[in-house]
Each structure stands twice: as C-alpha cells, then as structure tokens.
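A.B. asks: Please read through the structure below; I'll follow up with questions.
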Amino acid sequence: MATRTLVPLGEEPGDAALQQTPWRNRVRLSSVADAAEGFLARAGFDRGPWLAIALAGGITAWFVLPNAGWWVAAIATGLIVALGALAMWRGLDSRANLLLAWIGMGLALAIGVALIWVRSELVGARPMDHAGSVTLAGTILERVEQPADQRVRLVLATRDTAGKPIRVRVNLPLEQDDPALREGAVVRLKSRLMPPAPPMLPGGYDFARAAWFQGYAATGSVQGPVTVVTPAHGAPLLAPLQRRLSEHVRRQLGGSPGTIAAAFASGDQGAIPEGDQQAMRDAGLTHLLSVSGLHVSAVIGGAYLLAITVLALWPWLTLRVRLPLVAAGIAALAGIAYTLLTGAQVPTVRSCVGAVLVLGALALGREPLSLRMVAVAAVFVMLLWPESLVGASFQLSFAAVIAIVALHGSAPVRAFLAPREEGRTVRIGRHMAMLLLTGFVIELSLMPIVLFHFHRAGIYGAFANVIAIPLVELVSMPLIALALALDLVGLGAPAWWLAGQSLQLLLWIAHLAAAQPGAVRLMPQMGLGTFALFLGGELWLALWRGKARLWGLAPAALAAGLMLATPAPDLLIAGDGRNVGIVADDGKLLMLRESRAQFTRDNLKELAGVAAEPVVLADWPGAQCNPDFCALTLHRAGRDWRVLMSRSDYPVDTKQLQPACAGADVVISDRWLPRTCTPRVLKADGKMLAQTGGLSVKLGSPLRIDTVASSQGEHGWWHGQDTGPQERHFSGRWRSGGNSRHPQAYSGAGSRFTRSAAANSSGTSGEGKPRAAPQ
C-alpha cells in the first residue's frame with residue numbers, strides 16, 4: 001500500500017512557495033544574530049567606547065532634529081530599542097552581549113537627547129528682539145583682554161527694559177580701558193547692542209548658537225565713556241592671576257614670541273597677531289596655541305619627573321611609601337592647577353581628565369593609554385558641557401587623541417616600536433619615522449573636521465608638526481617654566497632668551513609651511529551626510545580591532561568621493577541681502593559690494609572654495625553696474641542666467657522695476673521688493689531672507705538652494721521667522737505689502753528648493769528697465 005509523504009521535500013513544482021516559509025527567514029535572522037553575538041563576545045572591552053558614541057549621537061540628534069516633537073520621538077526611539085531588546089532576549093544566554101549592546105546604546109541615545117535639551121533650557125538666553133543703542137548698568141562678570149584687536153571684552157550681568165536679568169558682552173576700545181574695570185565692578189555705559197548673529201551663510205560659524213549656551217542675550221560695542229558706579233570688591237582669584245601672568249610673560253619676552261609664550265603659560269591668546277595666527281592655521285599648527293593635551297601632558301610629565309626625583313633623595317620616605325603613587329598625586333594636582341589657571345577650556349579639561357586617568361592607571365599597574373580612557377574623558381566633558389560636542393574644539397581634540405591611541409595600539413605599530421638590539425641612530429630613525437606616520441594619521445583624521453567647520457585645511461601640517469611638536473614640548477615649554485621659576489630670584493633672563501629663540505623657530509616653521517604653493521586647500525561646504533560618513537568610518541576604523549575595523553574604509557572612501565564631488569555654489573547671498581558673492585565663469589569670486597570686513601570676505605572665499613581675493617562686481621568687465629543696480633549673465637547648465645542685484649537705498653519707481661525683474665532669472669535685494677517684481681526663477685529679497693537667512697545657490701536644472709534656516713529648526717537661538725503679510729516702509733526703500741510670492745519664482749522660507757528651469761530658458765528682456773537698472 002502506497003504511503004503519502006506529509007513533509008514536502010521540494011521535488012514538486014508546487015512546493016516552491018512552501019520553501020519560502022517564515023521560519024526560513026527566521027533562521028537567516030538567527031544566523032545574523034549569532035554572528036553579531038560572536039563578534040561582540042570577541043570584542044570584549046572594545047565595546048565600551050561605543051556607549052560614548054551613542055551618547056554623542058543623542059546630543060547630535062537634538063541639534064539636527066527641528067523641534068520638540070522630533071526630540072521626544074528620538075528619546076522614545078532609544079527607550080523602545082532598549083525595552084524591545086529586553087523583551088526579546090531577556091534570559092537568553094546566547095544573546096547576552098546583544099542584549100547589553102542594544103540596552104546600553106538605546107539608553108545612551110535617549111540620555112544624550114534629554115541631556116542637551118535640559119542643558120539648553122537651563123542656560124539658554126533668549127536673544128534680544130532688535131538692535132539699538134541703550135544705556136545700561138551692570139556688574140562685570142568677565143574681562144577678556146585682546147590687545148591684538150585693540151579692545152577689551154566685558155561680560156556684564158544687567159537687566160533688559162522689562163526688568164529681566166540678562167547677560168551681554170560688549171567690546172571696549174583699548175584706549176578707554178581702566179584698571180578699575182575688572183570682575184565685580186558695577187558700571188554704567190552706553191552701548192550699541194544687537195542679537196547674536198546667526199550664520200552669515202549656510203555652513204558658516206553659528207555665533208547665535210554659541211551665545212545661547214554662553215547665556216548672552218546681546219553683544220555690541222561701547223559708545224562713549226564708562227562710569228564705575230561701585231568698585232570691585234572680592235574679585236575672583238584666578239582671572240586676575242591669569243592676566244598678571246600673561247602680562248609678565250609679555251614683558252619678559254617681547255614681540256610675537258612673547259604673545260605665544262603667554263598663550264602657553266596662561267592660555268591667553270588675545271595678543272597674538274592675526275598674521276601669526278593665520279600662518280599657524282595654514283601650517284596645521286594652530287592646535288599648539290590652544291592649551292590642550294600637548295601642554296597638559298608636558299606640565300604633568302614635568303611635575304611627575306621632578307617630584308619623583310626630589311622625593312627619591314629622601315631615603316626615609318623612599319623606604320616607607322610608593323614614590324610613583326605620591327609623584328602621580330603631585331603631578332595630578334599640578335595638571336589641575338594648570339587647567340584652572342589657563343581658563344578650563346574644553347580641550348584643557350579633556351586633557352586634564354585623560355592625564356589624571358593615565359596617572360591612575362600607572363599607579364595601579366594598568367594599561368595607561370586606551371580608548372576606554374578616552375571614552376571616559378569624553379563622557380565627562382559631555383555630561384558637563386554637552387553643547388561642546390558640535391564645536392570644532394571638542395571634535396578636533398578627541399579625534400587627534402583617538403587617532404594616536406588607535407594607531408599606537410595596533411599590532412603592526414606595537415611590533416615596529418618593540419625594543420630590540422640596535423644602534424642609537426637606527427632607534428632614533430625608527431622613532432622619527434613613527435612620529436612622521438603619526439602626524440600623517442592625525443592630519444588625515446582631522447582633515448574632514450577642519451574642512452567641515454573651516455572650509456580650509458593645511459596640506460603640510462604633518463611635516464611641520466614633526467618638528468614643531470617636539471620643539472614645543474621638549475624645548476619651549478620647559479624653558480618657559482624654568483624662566484618663570486628663575487624670575488622668583490631675578491635670574492630668568494637667559495632662560496627667556498632661549499625660550500624666545502625656540503618660539504622664533506616655531507614661527508619660522510609656521511610661516512615657511514604656510515607660504516608654500518598649495519599649502520592651503522579650500523573646499524565648499526560639505527553636506528552633513530558626507531561628514532557623518534567620514535566620522536562613522538573613522539570611528540569604526542579606530543575603535544575596533546582586527547580585520548573588522550577595515551569595514552570602516554568603505555564609508556570613509558565614499559565620503560571622500562562625495563566631498564571631492566561637492567560642487568561650488570554659484571551665488572552666495574548673506575542674510576542681510578547686502579553681501580553677495582558670485583563665482584564667475586572663469587572661477588573668480590566677485591563681490592556685489594566692497595567690504596572692509598575681513599570676516600565677510602573670508603566667509604565668501606571659504607564657502608565658495610576660492611583662495612584668491614574677491615573682485616568688486618563693478619570692476620568686473622562682464623558686469624553692468626550703475627549706482628543703483630548691477631546685472632550680469634552667468635552660463636551654467638547649458639543656458640544663460642541673468643542675475644539682477646540692488647546696491648543702493650534710493651527709491652525706484654516700481655513701474656520701471658517690474659519689466660527689469662521679469663527679464664531676470666534671479667533678483668537679489670536687501671529691500672522688500674514689491675509683489676510686481678516677478679523674476680523667472682528666484683526672488684531673494686528682504687522678506688524672503690528674513691525667513692531663510694543666508695542662501696547658497698547652485699544654478700542648474702534642478703536649481704538647488706541651501707538656506708541657513710534649514711539647519712536651525714525651532715531651537716531657541718534662531719530668531720528668523722515669517723513676518724506675514726504686512727506693510728513695511730524704510731526710509732529710501734520700497735514699500736512692500738501683501739504676499740510677495742510669485743507662481744514662477746521661489747520666494748518662500750523652505751529649507752531646500754529644487755525646481756526644473758527648463759521651462760524658463762528663454763532669453764532676457766531688455767525693455768522697460770528701472771532707472772537704476774543697468775541696460
């Protein structure tokens with residue numbers, strides 16, 4: 001009797017559907033989970049730093065996401081991930097590592113979002129609504145001397161017109177400075193105040209965000225004399241001590257070397273000339289000016305060696321205590337004192353925490369340098385100042401340390417540096433080669449961060465640092481410390497002379513490297529996604545061990561390709577509508593108005609990716625300009641684009657303006673243009689810019705417009721808003737009422753626009769130009 005097989009064996013065509021049953025998919029997922037579990041089990045303690053990455057991810061999410069609804073959703077996502085992992089794998093020994101990973105990462109993400117949100121609510125200061133001259137009385141909270149800029153900055157605690165306590169920062173000309181203007185004094189002054197400025201252009205420095213977390217409601221300049229109402233009593237100790245130390249160093253060592261020595265000794269960079277600062281930046285040596293790991297390690301290392309040498313001279317103590325432990329404690333105290341004296345900036349705090357952890361590891365006989373130590377220092381800083389995560393200082397300092405620790409912890413480098421029988425020359429050459437390799441690795445790891453924040457990077461930094469770092473750490477800083485000690489007995493002059501010669505050599509290296517052809521590379525603003533790919537790839541390469549770390553090369557290589565393919569914008573329009581940069585057909589940068597502000601020119605050059613000095617549009621042969629308007633034609637994407645820009649405040653007949661607008665593809669103005677002005681593609685007038693902030697425009701089909709508003713969301717420091725239909729009239733400007741939008745032109749406040757221009761490729765009209773429009 002025949003029997004029927006109840007389990008399909010896949011021999012009949014009808015069994016194909018049964019072969020794709022859900023349990024087979026579950027088997028595949030189980031295999032992936034088994035592989036992930038095994039990978040995490042083999043990683044061991046290498047998993048720890050990723051909790052700091054998740055915390056940083058939560059903080060970053062708060063800055064990137066637009067409003068409170070999204071922030072709540074991000075917190076909920078982290079909690080759901082943690083609870084979901086607990087529900088799926090609780091009690092399963094085969095998923096113990098996955099369970100810990102998902103719970104830890106989910107909770108860290110949620111904590112990061114909540115941490116920065118709470119921080120913003122506690123310290124954020126709402127910016128003042130309008131600029132204006134006010135007379136105010138307040139208490140000086142902070143005094144920052146900046147001789148290189150011929151000014152002194154004062155931070156005041158005062159009250160606004162409604163009686164609400166606020167904090168403002170004002171610049172006082174150096175010739176009006178008074179020794180009585182110090183912390184604790186109550187003063188009365190008149191100042192021109194304005195709300196902290198948002199980024200001038202997409203990708204520019206966001207001072208409004210920095211001021212929000214520093215508690216500044218307004219900044220400005222002093223107008224007229226300053227009256228001391230109540231002299232300071234019981235002023236803080238450290239700030240005056242820092243200033244006295246800086247002044248003493250500059251008196252002993254004049255010129256540029258003295259200003260750099262003052263920065264090393266007290267953290268005061270205010271006296272360094274702009275030319276020297278620029279040379280240090282272009283040579284990749286600017287990190288030496290900011291008190292960070294190099295300086296703190298030199299102080300702590302010197303204190304440790306001095307302490308253990310002196311204590312070893314006391315036999316009674318040597319026989320009864322562990323001298324390395326005592327010396328480590330003395331060195332830690334020296335590092336903390338140096339951190340406080342130099343202002344306790346984020347890089348200094350990070351370095352101090354890391355150095356203290358290294359000393360503790362040495363005292364306990366543990367591995368002193370590890371990525372776990374770096375992660376602990378990063379978490380410490382983020383818990384105290386979570387907003388520092390999005391700043392260049394935090395990213396550069398931690399990226400450099402992670403690169404160094406990861407490189408020197410890799411097996412090939414350990415083998416290369418292992419002790420062996422060899423001559424002194426070979427040993428020195430081996431270590432110099434390692435120093436050069438370390439410099440290259442640091443430069444490669446920092447370059448994406450530098451380009452993202454500053455849009456420029458030094459090419460020869462690795463070579464310059466090979467000489468500059470040992471010079472500063474082994475020669476300059478010890479000589480400065482020796483000179484300060486000898487000054488106590490009046491014998492510091494020889495040491496100061498030697499320190500000055502070493503710093504002259506440092507400046508010579510910086511200027512030599514910065515002056516080389518191609519020493520600086522400028523890049524247009526890279527996208528946030530490209531930057532995230534860079535960081536993700538670099539972190540994966542650094543934090544894992546073995547062959548698995550090589551997976552990080554894929555996102556890093558993809559990001560490099562995307563960065564190199566980033567197109568330069570054709571138009572850069574500042575939020576005020578007055579400063580406009582145009583990249584001409586031959587690649588030169590044109591400016592609508594001549595600006596004496598170096599900040600404006602630098603922003604336009606860096607964000608356009610053009611190193612040459614800009615040319616005023618009126619002097620450009622291809623432009624048509626008169627006192628009121630400028631116009632030019634750009635050839636992009638296979639067609640001509642007519643751009644019309646206003647450049648004066650004189651009134652213009654709107655009937656004459658209408659045909660000029662109709663004949664242009666893009667119209668740019670700091671005024672509110674009338675609704676009858678309808679260009680074919682883009683109308684960037686005062687109303688639109690009040691909503692969007694600065695614009696970066698790439699002409700083509702489709703048209704691409706990036707706005708400052710797209711990166712701001714509803715965070716408290718962003719005060720751009722849609723003012724709605726209303727009549728506004730400024731002296732000498734057009735009167736604009738109602739909605740200024742036009743069906744065929746962009747004039748709204750979206751974050752990014754794309755639009756096909758194929759339908760608008762007709763030629764421009766030359767009829768009916770306004771009085772001020774060029775013919």
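Residue numbers start at 1 in each chain; chains themselves are named A, B, ... in the order of the structure tokens; ligands are numbered from 1 in the order shown.
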I need the alpha helix (DSSP H) residues of region 31-277 of chain A per DSSP on the backbone, written as an MDAnalysis selection string.
C.D. replies: chainID A and resid 31:43 49:64 68:89 96:123 207:214 238:252 255:266 274:277
A.B. asks: Please provide as a ChimeraX atom specification all residues within 12 Å of Val249 (chain A), with the sequence filter that same-chain residues fewer than 2 positions apart are discarded (counting only C-alpha atoms).
C.D. replies: /A:242-247,251-268,271,480-481,483-484,487,492-493,496-497,499-500
A.B. asks: Provide the CA of Ala548 (chain A) to CA of Val113 (chain A) distance in Å, to one decimal place.
C.D. replies: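 Calculated distance between CA of Ala548 (chain A) and CA of Val113 (chain A) is 29.4 Å.
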A.B. asks: Write out as a PyMOL selection string the residues lying within 9 Å of region 587-589 of chain A, counting only C-alpha atoms and excluding same-chain residues fewer than 6 positions away.
C.D. replies: chain A and resi 581+604-605+608+610-616
A.B. asks: Write out as a PyMOL selection string which residues come within 8 Å of His635 (chain A) when counting only C-alpha atoms, dropping same-chain ones fewer than 5 positions away.
C.D. replies: chain A and resi 585+640-641
A.B. asks: So the first atom is CA of Phe452 (chain A) and the second is CA of Ser710 (chain A); what is the distance between them in Å, to one decimal place?
C.D. replies: 16.6 Å
